[in-house]
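Below: one structure, written as structure tokens.
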Protein chains: 2
Amino acid sequence: MSSSREFVSRTPVQGGATDQLRRSNLSNVLGLVHREGPLSRAELTRLTGLNRSTVGDLVAELAELGLVYEALPTTGNVPGRPSPIVHAQSGVVAIAINPEVDAIHVGLVGMSGRVLAKVRLEAATAPTPADVVRLASAAIAGLLSGREASLRVVGIGVAVPGQVRVSDGTVREATHMGWAEEPLSRMLSEATTFPAWAANAANLAMRAESVFGAGKGVDDFVYFIGGASGIGGGAVTGGRLLSGAAGYAGEFGHSFVRSRGTRCSCGATGCLEAEVTQAGLLEAVGLAPAEAGLLGSRLASSRDPGVRALISEQLDLLAIAVRTAVNLFNPTLVVLGGFLSDLYDAGGREGDALLSDAIRSAREDVRIEGAASASDQLLIGCGELVFSELIADPASLLLH
Amino acid sequence: MSSSREFVSRTPVQGGATDQLRRSNLSNVLGLVHREGPLSRAELTRLTGLNRSTVGDLVAELAELGLVYEALPTTGNVPGRPSPIVHAQSGVVAIAINPEVDAIHVGLVGMSGRVLAKVRLEAATAPTPADVVRLASAAIAGLLSGREASLRVVGIGVAVPGQVRVSDGTVREATHMGWAEEPLSRMLSEATTFPAWAANAANLAMRAESVFGAGKGVDDFVYFIGGASGIGGGAVTGGRLLSGAAGYAGEFGHSFVRSRGTRCSCGATGCLEAEVTQAGLLEAVGLAPAEAGLLGSRLASSRDPGVRALISEQLDLLAIAVRTAVNLFNPTLVVLGGFLSDLYDAGGREGDALLSDAIRSAREDVRIEGAASASDQLLIGCGELVFSELIADPASLLLH
DNA sequence: GGTGATTTGTTGTCTCGAGAAACATATTAG
DNA sequence: CTAATATGTTTCTCGAGACAACAAATCACC
């Protein structure tokens, strides 16, 4: 699906000026190196459809900006002059912040998509936004200290468990944190002087999944992720992230799945996240909330009829949400993350059980997969939030 | 997906990238004139951000292609040299075909977005695809006869009440018509020699709404339309039509709205279109199926408690589908068409009744509107299907 | 009805990005 | 060591659009 022709057509040239064309091409090259990992210039030439000489020029410009570097290739066994390998500069980093009820995670993510360092700051009570700014600022200083020379910070990405207006990074509502209308990214950028962006955590997990995980190269997929505090998600349609008007799109946790159901924290009844919960499954198999990591194996191995019945019931409810998602988005892939993946595995990974009620045309070409659940998924997603800004206009780095 | 890149590879033309820039700018200008109606060159200059001289050049090229013409402006009361008004050539037409159970509608749609002519071909029984090809071909010949000199047919757009694979115009399933796996657009293009495209009818109605109706200029909206044969819909997200992997996206009629509900024609239970039906409402107010046009006024004026209860119940079910749509798409607008608009009006147009269960952040900036229900909506949508291909690459017309 | 201000079309020149081709270089195969 | 092959590098050309100078057409005002 990622042939060179498609790639070019996927990024149509907008606007008028020739320098916009240049910017678009720079963006394409940098984006490829970021997403696909190190690529030879010859491969870049094929993937972009551009001329050899042009690619050489673009790479030289990106190298001058300090965003990529070229290295000699490891000797392959192909004839011809070896093509230098273009690497993303991993010294170009984003700061990732993920506040949660019991802790704040802070990390450094390199442009290669790898987490270079991270710390977990324990919190006795749910941190306030001011706490986050204070604690994270200190942690950032610690992570950066002594490495200032080799690191270049592009900005800060924040993953918030709640609704975030992406245009200005305001947290509209984060029920579990007890936040409302908090200008979090402004506070962070004022405290640190780095530009900051914020978004919904589940959406950022999906971004990581889209660039480096199961959704890599997939133009149309939906993502469901279940955690202790509920179910979130997101969608990619036509190769683009679905954000909606303000960034609240993809709240699959609030898909309707049951008439006269449980009241949800959002105020409605019958929401997926009110009906299908990690807490309920943990309790059924006798695990404490902190032992969620064991849920998958316990569910899979349990022969208790009550547990099997619960798994079946929860899968039926999940199937309703998946059905609606498939009917509305017509994806080729449904990715399940967190405890939803455990649930799916426990049910025998029968895709049909989740898809059989979707309309036939739409369900035929859908596959279901577990998320490539890296523990650093969220931090990588934060990095994506930052790097996507850089990749959209690599030359903008000159301005800082 | 006939991207520009493929075109280049078929006909080796000098210059690939600058050429693409030119095409993109031609496309922008033609698209503006198509969507916004006649515009002066000065306005085009402002809207595109291009240079005066460039816009002049682009318009000249489009005029040479026979796609636009310039006319002297009506005297405005502004100083300065008057700017010529650029009009879309309405002689450039698309053929619109909409097969239904009881009739086939065939029309001519000008690039200005107006229906120039139309005929309704009655059908005693649901027509087969072969019937459609035969009857529509004859109707097309009739519509074009005598006007060949002044008309330039770009292609055929077909609105099908069912799931259509947009890549090749195959009807995968059209339950009400009794069709399955019919290569309709190939059949039509072979019979008429015109290129043909097909898509889901509700989706095309939404396209018309998006370009000329309530959704004009709105980047994020969802569209629900109810008719005799069910409920369809579509969505625009980030300014782009949501099509999904194959073109089946936006089936809001198959959103889940009720546990243990009625069995739907799709095989599932609890689908919106199985629970909220035009037939049920017609029966409640004592109208025959053919009198659907009167439904709105009957519902609005009825004081029968049974009818009021039914309206209330149906609105509650619709609200569930709207809630899910708002939570998943975060639109700024929900457009209701067909009998759903009647239903909404009968309920007093209380937006809150439809939105109150959506998550707060997402529902705040949503407004609900009735569709700009032009009777020609579907034919205009068919035209859009064709013209969007032309507008994507205006120079392609040279090849025909 | 003339005159100036204003806006826009038109024309010629300039810049810049990318493609093409010739040439140079580095590897593999034998 | 040589031929084949693939790719980097350099130079030239082309084309799209910006820019600036000039021309044209309208309005406002006297």
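Labels for the structure tokens follow display order: chains A, B, ..., residues from 1 in each chain, ligands from 1.
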
Where does DSSP see alpha helix (DSSP H) in stretch 271-325 of chain B, if you list the residues as a compact mmCIF listing (two decimals) with C-alpha atoms, in the first residue's frame?
# COMPACT_ATOMS: atom_id res chain seq x y z
CA LEU B 272 -31.08 2.55 13.72
CA GLU B 273 -32.81 1.89 10.44
CA ALA B 274 -34.63 -1.11 11.85
CA GLU B 275 -35.87 0.88 14.83
CA GLN B 278 -40.57 6.11 7.79
CA ALA B 279 -43.16 3.38 7.37
CA GLY B 280 -43.89 3.32 11.08
CA LEU B 281 -44.40 7.05 11.24
CA LEU B 282 -46.55 7.10 8.12
CA GLU B 283 -48.78 4.42 9.55
CA ALA B 284 -49.10 6.23 12.86
CA LEU B 295 -45.36 13.35 6.79
CA GLY B 296 -43.70 16.46 8.14
CA SER B 297 -46.84 18.53 8.49
CA ARG B 298 -48.89 15.62 9.84
CA LEU B 299 -46.34 14.83 12.51
CA ALA B 300 -45.97 18.45 13.50
CA SER B 301 -49.69 19.06 13.78
CA PRO B 305 -50.93 11.03 22.36
CA GLY B 306 -49.95 7.84 20.60
CA VAL B 307 -48.30 9.80 17.82
CA ARG B 308 -46.57 12.12 20.27
CA ALA B 309 -45.25 9.12 22.19
CA LEU B 310 -44.03 7.54 19.00
CA ILE B 311 -42.26 10.74 17.97
CA SER B 312 -40.65 10.93 21.36
CA GLU B 313 -39.53 7.30 21.27
CA GLN B 314 -38.17 7.59 17.73
CA LEU B 315 -36.30 10.75 18.63
CA ASP B 316 -34.77 9.00 21.62
CA LEU B 317 -33.48 6.28 19.36
CA LEU B 318 -32.20 8.81 16.86
CA ALA B 319 -30.51 10.60 19.74
CA ILE B 320 -28.55 7.48 20.55
CA ALA B 321 -27.20 7.30 17.02
CA VAL B 322 -26.45 11.02 17.02
CA ARG B 323 -24.75 10.71 20.37
CA THR B 324 -22.45 7.99 19.11
CA ALA B 325 -21.75 9.93 15.94

Sorted by chain and rising residue number, list the residues of chain C at most 9 Å from stretch 10-27 of chain D (counting only C-alpha atoms (C1' of nucleotides)), each with its closest atom pair and distance in Å to one decimal, as CSV.
residue,atom,partner,partner_atom,distance
C:DA5,C1',D:DC27,C1',8.7
C:DT6,C1',D:DC27,C1',8.3
C:DT7,C1',D:DT26,C1',8.5
C:DT8,C1',D:DA24,C1',8.6
C:DG9,C1',D:DA24,C1',7.5
C:DT10,C1',D:DA23,C1',7.5
C:DT11,C1',D:DC22,C1',8.2
C:DT13,C1',D:DC19,C1',8.6
C:DC14,C1',D:DC19,C1',8.0
C:DT15,C1',D:DA18,C1',8.1
C:DG19,C1',D:DC14,C1',8.4
C:DA20,C1',D:DT13,C1',8.4
C:DA21,C1',D:DC12,C1',8.8
C:DA22,C1',D:DT11,C1',8.8
C:DC23,C1',D:DT10,C1',8.0

How would the residues just chosen look if you wrote them out with C-alpha atoms (C1' of nucleotides) as a tab-separated table (two decimals), in the first residue's frame?
chain	number	residue	atom	x	y	z
C	5	DA	C1'	-7.20	58.06	-7.06
C	6	DT	C1'	-7.75	53.31	-7.13
C	7	DT	C1'	-7.86	48.76	-8.54
C	8	DT	C1'	-6.83	45.34	-11.69
C	9	DG	C1'	-5.23	43.26	-16.15
C	10	DT	C1'	-0.96	42.63	-19.00
C	11	DT	C1'	3.69	42.10	-20.21
C	13	DT	C1'	12.02	39.68	-16.50
C	14	DC	C1'	13.79	37.07	-12.73
C	15	DT	C1'	14.24	33.32	-9.42
C	19	DG	C1'	14.34	16.87	-14.19
C	20	DA	C1'	17.73	15.11	-17.56
C	21	DA	C1'	21.98	13.73	-19.14
C	22	DA	C1'	26.72	13.13	-18.99
C	23	DC	C1'	30.24	11.89	-16.14

As number ranges by chain, could you give me every residue of chain B near chain D (at most 10 Å apart, counting only C-alpha atoms (C1' of nucleotides))?
B: 14-15, 18-19, 21-22, 50-55, 75-83

What does the distance from atom CA of B:Leu242 to atom CA of B:Val222 come to in Å, to one decimal?
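Atom CA of B:Val222 lies at a distance of 9.7 Å from atom CA of B:Leu242.
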
Show me which bits of chain A are within 6 Å of chain B, counting only C-alpha atoms, as a ChimeraX atom specification.
/A:5,16,220,244-245,248-251,255,258-259,266,268,324,327-331,357,359

Give the residues of chain C that lie within 7 Å of chain A; count only C-alpha atoms (C1' of nucleotides), and format the answer as an MDAnalysis selection string.
chainID C and resid 17:19 25:28

Convert the current residue selection to file output with all heavy atoms, as a compact mmCIF listing (two decimals), in the first residue's frame.
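part_10.txt was written with the following content:
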# COMPACT_ATOMS: atom_id res chain seq x y z
P DG C 17 14.68 26.77 -4.26
OP1 DG C 17 14.61 27.20 -2.87
OP2 DG C 17 15.99 26.46 -4.89
O5' DG C 17 13.74 25.51 -4.47
C5' DG C 17 12.37 25.69 -4.84
C4' DG C 17 11.96 24.61 -5.80
O4' DG C 17 12.29 25.01 -7.15
C3' DG C 17 12.70 23.28 -5.55
O3' DG C 17 11.76 22.22 -5.58
C2' DG C 17 13.69 23.20 -6.69
C1' DG C 17 13.00 23.99 -7.81
N9 DG C 17 13.93 24.64 -8.71
C8 DG C 17 15.05 25.36 -8.37
N7 DG C 17 15.71 25.82 -9.39
C5 DG C 17 14.97 25.39 -10.49
C6 DG C 17 15.19 25.59 -11.87
O6 DG C 17 16.10 26.21 -12.42
N1 DG C 17 14.21 24.98 -12.65
C2 DG C 17 13.15 24.26 -12.14
N2 DG C 17 12.31 23.75 -13.03
N3 DG C 17 12.94 24.07 -10.85
C4 DG C 17 13.88 24.66 -10.09
P DA C 18 12.18 20.78 -5.14
OP1 DA C 18 11.08 20.25 -4.32
OP2 DA C 18 13.56 20.81 -4.61
O5' DA C 18 12.20 20.01 -6.53
C5' DA C 18 11.05 20.09 -7.36
C4' DA C 18 11.42 19.65 -8.75
O4' DA C 18 12.33 20.62 -9.34
C3' DA C 18 12.14 18.30 -8.84
O3' DA C 18 11.42 17.47 -9.73
C2' DA C 18 13.53 18.64 -9.35
C1' DA C 18 13.28 19.93 -10.11
N9 DA C 18 14.46 20.79 -10.24
C8 DA C 18 15.25 21.26 -9.24
N7 DA C 18 16.24 22.02 -9.65
C5 DA C 18 16.09 22.03 -11.03
C6 DA C 18 16.82 22.65 -12.05
N6 DA C 18 17.90 23.40 -11.83
N1 DA C 18 16.40 22.46 -13.33
C2 DA C 18 15.33 21.70 -13.54
N3 DA C 18 14.56 21.07 -12.65
C4 DA C 18 15.00 21.28 -11.41
P DG C 19 11.81 15.98 -9.97
OP1 DG C 19 10.57 15.18 -9.93
OP2 DG C 19 12.95 15.65 -9.11
O5' DG C 19 12.31 16.01 -11.49
C5' DG C 19 11.39 16.44 -12.48
C4' DG C 19 12.06 16.46 -13.84
O4' DG C 19 13.11 17.46 -13.85
C3' DG C 19 12.73 15.14 -14.23
O3' DG C 19 12.53 14.94 -15.62
C2' DG C 19 14.20 15.38 -13.89
C1' DG C 19 14.34 16.87 -14.19
N9 DG C 19 15.36 17.56 -13.38
C8 DG C 19 15.44 17.59 -12.00
N7 DG C 19 16.44 18.31 -11.58
C5 DG C 19 17.05 18.78 -12.73
C6 DG C 19 18.20 19.60 -12.89
O6 DG C 19 18.92 20.10 -12.01
N1 DG C 19 18.49 19.83 -14.25
C2 DG C 19 17.76 19.33 -15.29
N2 DG C 19 18.18 19.65 -16.49
N3 DG C 19 16.69 18.56 -15.15
C4 DG C 19 16.40 18.32 -13.85
P DT C 25 35.92 10.43 -9.81
OP1 DT C 25 36.53 11.32 -8.81
OP2 DT C 25 36.73 9.74 -10.82
O5' DT C 25 35.07 9.33 -9.03
C5' DT C 25 34.07 9.76 -8.13
C4' DT C 25 33.40 8.55 -7.52
O4' DT C 25 32.51 7.92 -8.48
C3' DT C 25 34.35 7.44 -7.05
O3' DT C 25 33.94 7.00 -5.78
C2' DT C 25 34.17 6.35 -8.09
C1' DT C 25 32.68 6.53 -8.40
N1 DT C 25 32.21 5.96 -9.68
C2 DT C 25 31.05 5.23 -9.67
O2 DT C 25 30.39 5.04 -8.69
N3 DT C 25 30.66 4.74 -10.90
C4 DT C 25 31.33 4.90 -12.10
O4 DT C 25 30.90 4.41 -13.14
C5 DT C 25 32.55 5.67 -12.03
C7 DT C 25 33.35 5.90 -13.27
C6 DT C 25 32.93 6.16 -10.84
P DA C 26 35.00 6.46 -4.75
OP1 DA C 26 35.07 7.41 -3.61
OP2 DA C 26 36.24 6.08 -5.47
O5' DA C 26 34.30 5.14 -4.24
C5' DA C 26 32.96 5.23 -3.73
C4' DA C 26 32.26 3.92 -3.97
O4' DA C 26 31.97 3.78 -5.38
C3' DA C 26 33.08 2.68 -3.59
O3' DA C 26 32.27 1.84 -2.79
C2' DA C 26 33.41 2.02 -4.91
C1' DA C 26 32.21 2.43 -5.74
N9 DA C 26 32.43 2.40 -7.19
C8 DA C 26 33.47 2.95 -7.89
N7 DA C 26 33.40 2.76 -9.19
C5 DA C 26 32.23 2.04 -9.35
C6 DA C 26 31.59 1.53 -10.49
N6 DA C 26 32.06 1.68 -11.73
N1 DA C 26 30.44 0.87 -10.31
C2 DA C 26 29.97 0.72 -9.07
N3 DA C 26 30.48 1.16 -7.92
C4 DA C 26 31.62 1.82 -8.13
P DT C 27 32.94 0.93 -1.70
OP1 DT C 27 32.26 1.22 -0.43
OP2 DT C 27 34.41 1.03 -1.79
O5' DT C 27 32.53 -0.52 -2.20
C5' DT C 27 31.22 -0.98 -1.99
C4' DT C 27 30.70 -1.73 -3.21
O4' DT C 27 31.11 -1.10 -4.44
C3' DT C 27 31.20 -3.16 -3.38
O3' DT C 27 30.43 -4.05 -2.58
C2' DT C 27 31.00 -3.42 -4.85
C1' DT C 27 30.78 -2.03 -5.45
N1 DT C 27 31.59 -1.78 -6.65
C2 DT C 27 31.09 -2.18 -7.86
O2 DT C 27 30.02 -2.75 -7.99
N3 DT C 27 31.89 -1.91 -8.95
C4 DT C 27 33.11 -1.28 -8.92
O4 DT C 27 33.74 -1.08 -9.96
C5 DT C 27 33.58 -0.88 -7.63
C7 DT C 27 34.90 -0.20 -7.49
C6 DT C 27 32.81 -1.14 -6.54
P DT C 28 30.86 -5.58 -2.48
OP1 DT C 28 30.16 -6.15 -1.33
OP2 DT C 28 32.34 -5.65 -2.55
O5' DT C 28 30.29 -6.21 -3.82
C5' DT C 28 28.88 -6.26 -4.04
C4' DT C 28 28.59 -6.99 -5.34
O4' DT C 28 29.24 -6.30 -6.45
C3' DT C 28 29.09 -8.43 -5.39
O3' DT C 28 28.10 -9.26 -5.99
C2' DT C 28 30.36 -8.35 -6.23
C1' DT C 28 30.02 -7.21 -7.20
N1 DT C 28 31.22 -6.47 -7.69
C2 DT C 28 31.39 -6.30 -9.04
O2 DT C 28 30.64 -6.73 -9.88
N3 DT C 28 32.52 -5.58 -9.39
C4 DT C 28 33.46 -5.03 -8.52
O4 DT C 28 34.42 -4.40 -8.95
C5 DT C 28 33.19 -5.24 -7.12
C7 DT C 28 34.13 -4.69 -6.10
C6 DT C 28 32.09 -5.94 -6.76

Taking the chain letters and numbering used in this document, name the residues of stretch 34-100 of chain A that DSSP puts in strand (DSSP E), as a list of chain:residue names.
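Put together, the selection reads A:Leu39, A:Ser40, A:Val68, A:Tyr69, A:Glu70, A:Ala71, A:Ile85, A:Val86, A:His87, A:Ala88, A:Val92, A:Val93, A:Ala94, A:Ile95, A:Ala96, A:Ile97, A:Asn98, A:Pro99.
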